[in-house]
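Below: the structure, in structure tokens.
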Amino acid sequence: MPRSALAAVLGLLLSTPLFAAQVQYYPLPRGSGPHDVAPAPDGRIWYTAQRQGALGRLDPKSGHTEQVPLGAGSAPHGVIIGPDGAAWVTDSGLNAIVRIDPERLGVQLFPLPKAGAKANLNTAAFDDDGRLWFTGQNGIYGRLDPSSRKVEVWPAPHGRGPYGITVTPDGEVWYASLAGNHIARIDPLSGAATVIQPPTPNQGARRIWSDAQGKLWVSEWHSGQLSQYDPSKGQWQAWRLPGEAPHAYAVYVDEQDRVWVSDFGANAILLFDPDRQSFEAFPSDRPNANVRQLLGRVGEVWGAESGTDRLVVIRY
């Protein structure tokens with residue numbers, strides 16, 4: 001094959017997307033400032049309207065949205081779907097965990113104890129026993145047992161920073177500390193946290209997610225890296241996001257163990273294929289989208305564009 005023809009073929013291969021995908025945007029009420037998003041079993045999508053003190057719900061089929069006020073002073077950060085099908089919210093304004101019934105839209109508060117005052121609640125995850133673990137960026141992490149309504153909090157090692165949190169397939173609970181520049185494993189019996197230091201100093205570990213093998217994927221805000229930690233081997237790997245000034249914010253691992261990460265620097269959602277060791281970018285069609293969290297279900301990854309008052313979905 002002539003060199004020019006070979007170069008053309010290689011150029012075509014390098015420009016070919018890893019897989020077919022469709023991007024769609026859903027406008028939300030103006031000024032809602034969506035922070036986190038969670039697909040529900042009934043097909044609708046919950047989101048935290050942080051600037052309006054409400055939890056919203058989108059019907060992707062019709063585009064219709066509705067919002068549930070959470071109370072005076074509310075500033076909801078994270079939302080996930082619990083084993084009971086309800087939406088569970090970490091509300092930094094109320095300093096409480098909030099449950100919203102999906103049928104009656106009733107609001108139930110679980111205030112933090114005095115030891116967790118002004119926690120700046122961030123994110124949450126349910127363990128295999130149905131307990132909700134959560135983080136507070138002002139230096140705490142905690143646990144809520146919905147069956148007993150008991151809320152416990154612990155001071156985080158090294159103080160401020162706990163942000164993202166995840167549960168591995170074997171039931172281990174891990175969180176990432178943004179200000180503390182580390183990840184940590186929580187002992188479910190004692191509540192004590194063991195710090196694991198990434199090899200990159202001052203990396204700004206922001207969010208964390210487990211894949212199906214229990215490997216932990218970490219978005220590093222300051223370093224612009226996507227990192228992986230294998231607890232079984234105690235080994236780290238890291239990949240710098242493409243571009244001149246990447247800022248990795250959210251991370252999510254889909255059902256095929258592909259890794260999605262939002263990059264404020266590129267104004268895009270990126271897909272990282274661990275097998276190919278390569279990134280593919282899905283830039284927003286508007287500037288300053290600021291996707292702060294990603295979550296999905298089979299065939300879809302959802303994000304909240306906090307800077308544009310929209311939700312975005314990538315269907316693949």
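Each chain in the structure tokens gets a letter, A, B, ..., in the order shown, and its residues are numbered from 1; ligands are numbered from 1 in order too.
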Practice problem: Determine which residues of segment 32-238 of chain A DSSP labels as strand (DSSP E or B) from the backbone of this structure, then write them out as JSON, numbers by chain. | Solution: {"A": [34, 35, 36, 37, 38, 39, 45, 46, 47, 48, 49, 54, 55, 56, 57, 58, 65, 66, 67, 68, 69, 76, 77, 78, 79, 80, 81, 87, 88, 89, 90, 91, 96, 97, 98, 99, 100, 107, 108, 109, 110, 111, 121, 122, 123, 124, 125, 126, 132, 133, 134, 135, 136, 140, 141, 142, 143, 144, 145, 150, 151, 152, 153, 154, 155, 162, 163, 164, 165, 166, 167, 173, 174, 175, 176, 177, 182, 183, 184, 185, 186, 193, 194, 195, 196, 205, 206, 207, 208, 209, 210, 216, 217, 218, 219, 220, 225, 226, 227, 228, 229, 230, 235, 236, 237, 238]}
Where does segment 55-156 of chain A meet segment 166-182 of chain A within 10 Å, residue by residue, with the nearest atom pair and distance in Å to one decimal for each, counting only C-alpha atoms, listed by chain and rising number, as CSV?
residue,atom,partner,partner_atom,distance
A:Thr123,CA,A:Thr166,CA,9.2
A:Ala124,CA,A:Thr166,CA,7.7
A:Ala125,CA,A:Thr166,CA,5.8
A:Phe126,CA,A:Val167,CA,7.2
A:Asp127,CA,A:Val167,CA,6.2
A:Asp128,CA,A:Gly171,CA,6.0
A:Asp129,CA,A:Gly171,CA,8.8
A:Trp133,CA,A:Val173,CA,8.0
A:Phe134,CA,A:Tyr175,CA,8.8
A:Thr135,CA,A:Tyr175,CA,7.7
A:Gly136,CA,A:Ser177,CA,9.8
A:Gln137,CA,A:Ser177,CA,7.9
A:Asn138,CA,A:Ala179,CA,9.3
A:Gly139,CA,A:Ser177,CA,9.1
A:Tyr141,CA,A:Tyr175,CA,8.8
A:Ala156,CA,A:Ser177,CA,9.1
Exercise. Tell me, as a PyMOL selection string, which residues lie within 8 Å of segment 73-82 of chain A, counting only C-alpha atoms; anything in the same chain fewer than 5 positions away does not count.
Key: chain A and resi 35-40+46-55+87-94+121-126
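Summary of the local environment: counting only C-alpha atoms, residues at most 6 Å from segment 200-212 of chain A, other than itself and those fewer than 3 positions away along its chain, are Gly164, Ile165, Thr166, Thr168, Ala176, Ser177, Leu178, Asn181, Lys215, Leu216, Trp217, Val218, Ser219, Glu220, Trp221, His222, Ser223, Ala250, Tyr252, Val253 and Asp257 of chain A.
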For segment 19-30 of chain A: contacts at 6 Å, only C-alpha atoms, fewer than 2 positions along chain excluded, given as an mmCIF file with C-alpha atoms, in the first residue's frame:
data_model
loop_
_atom_site.group_PDB
_atom_site.id
_atom_site.type_symbol
_atom_site.label_atom_id
_atom_site.label_comp_id
_atom_site.auth_asym_id
_atom_site.auth_seq_id
_atom_site.Cartn_x
_atom_site.Cartn_y
_atom_site.Cartn_z
ATOM 1 C CA PRO A 17 -15.341 6.981 17.705
ATOM 2 C CA SER A 32 -32.255 25.605 39.386
ATOM 3 C CA ASP A 309 -29.605 24.541 33.988
ATOM 4 C CA ARG A 310 -29.830 21.355 31.932
ATOM 5 C CA LEU A 311 -29.503 17.613 32.280
ATOM 6 C CA VAL A 312 -27.477 15.733 29.689
ATOM 7 C CA VAL A 313 -27.652 12.077 28.723
ATOM 8 C CA ILE A 314 -25.306 10.053 26.548
ATOM 9 C CA ARG A 315 -27.033 6.961 25.172
ATOM 10 C CA TYR A 316 -24.734 4.266 23.849
#
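When atom CA of Val195 of chain A is paired with atom CA of Leu226 of chain A, their separation reads 18.8 Å.
The two atoms in question, atom CA of Val301 of chain A and atom CA of Glu280 of chain A, are spaced 14.2 Å apart.
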Using 9 Å as the limit and counting only C-alpha atoms, can you tabulate each residue of segment 186-274 of chain A that touches segment 289-296 of chain A, with its shortest atom-to-atom distance in Å and the two atoms involved, as JSON lines?
{"residue": "A:Arg207", "atom": "CA", "partner": "A:Gln293", "partner_atom": "CA", "distance": 8.6}
{"residue": "A:Tyr249", "atom": "CA", "partner": "A:Arg292", "partner_atom": "CA", "distance": 6.0}
{"residue": "A:Ala250", "atom": "CA", "partner": "A:Gln293", "partner_atom": "CA", "distance": 4.7}
{"residue": "A:Val251", "atom": "CA", "partner": "A:Leu294", "partner_atom": "CA", "distance": 6.3}
{"residue": "A:Tyr252", "atom": "CA", "partner": "A:Leu294", "partner_atom": "CA", "distance": 5.8}
{"residue": "A:Val253", "atom": "CA", "partner": "A:Leu295", "partner_atom": "CA", "distance": 8.4}
{"residue": "A:Asp254", "atom": "CA", "partner": "A:Gly296", "partner_atom": "CA", "distance": 6.9}
{"residue": "A:Glu255", "atom": "CA", "partner": "A:Gly296", "partner_atom": "CA", "distance": 8.9}
{"residue": "A:Trp260", "atom": "CA", "partner": "A:Leu294", "partner_atom": "CA", "distance": 7.7}
{"residue": "A:Val261", "atom": "CA", "partner": "A:Leu294", "partner_atom": "CA", "distance": 7.6}
{"residue": "A:Ser262", "atom": "CA", "partner": "A:Val291", "partner_atom": "CA", "distance": 6.1}
{"residue": "A:Asp263", "atom": "CA", "partner": "A:Val291", "partner_atom": "CA", "distance": 7.8}
{"residue": "A:Phe264", "atom": "CA", "partner": "A:Asn290", "partner_atom": "CA", "distance": 5.8}
{"residue": "A:Asn267", "atom": "CA", "partner": "A:Ala289", "partner_atom": "CA", "distance": 6.2}
{"residue": "A:Ala268", "atom": "CA", "partner": "A:Ala289", "partner_atom": "CA", "distance": 7.9}
{"residue": "A:Ile269", "atom": "CA", "partner": "A:Val291", "partner_atom": "CA", "distance": 7.8}
Self-check item: For Pro60 of chain A, the nearest of the candidates A:Pro287, A:Pro188, A:Pro157, A:Gly43, counting only C-alpha atoms
Solution: A:Gly43
Exercise. Return the single residue from A:Arg149, A:Arg286, A:His247, A:Arg44 that is closest to Arg57 of chain A, with distances computed using only C-alpha atoms.
Key: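 Going through A:Arg149, A:Arg286, A:His247, A:Arg44 one by one, the smallest distance to Arg57 of chain A is for A:Arg44.
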Rows by chain and residue number, segment 73-143 of chain A within 9 Å of segment 64-68 of chain A, shortest pair, only C-alpha atoms, as a Markdown table:
| residue | atom | partner | partner_atom | distance |
| --- | --- | --- | --- | --- |
| A:Ile100 | CA | A:Val68 | CA | 8.6 |
| A:Leu105 | CA | A:Val68 | CA | 7.2 |
| A:Gly106 | CA | A:Val68 | CA | 8.7 |
| A:Val107 | CA | A:Val68 | CA | 8.4 |
Practice problem: Give the answer as one residue: which of A:Gly116, A:Gly265, A:Pro41, A:Gly56 has the shortest atom-to-atom distance to Ala304 of chain A, using only C-alpha atoms? | Solution: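 Checking each of A:Gly116, A:Gly265, A:Pro41, A:Gly56 against Ala304 of chain A, counting only C-alpha atoms, the winner is A:Gly56.
Taking only C-alpha atoms into account, Pro242 of chain A lies nearest to A:Phe279 out of the set A:Tyr229, A:Phe279, A:Trp154, A:Trp302.
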Self-check item: Spatial neighbours of Ala96 of chain A, 6 Å, only C-alpha atoms, chain gap at least 5 places, as a PyMOL selection string
Solution: chain A and resi 91+110-112
Can you write just those residues out, C-alpha atoms, as a PDB file, in the first residue's frame?
ATOM      1  CA  ASP A  91     -28.666  18.557  52.022  1.00  0.00           C
ATOM      2  CA  PHE A 110     -32.890  12.886  59.257  1.00  0.00           C
ATOM      3  CA  PRO A 111     -30.906  15.692  60.937  1.00  0.00           C
ATOM      4  CA  LEU A 112     -27.258  15.149  61.794  1.00  0.00           C
TER       5      LEU A 112
END
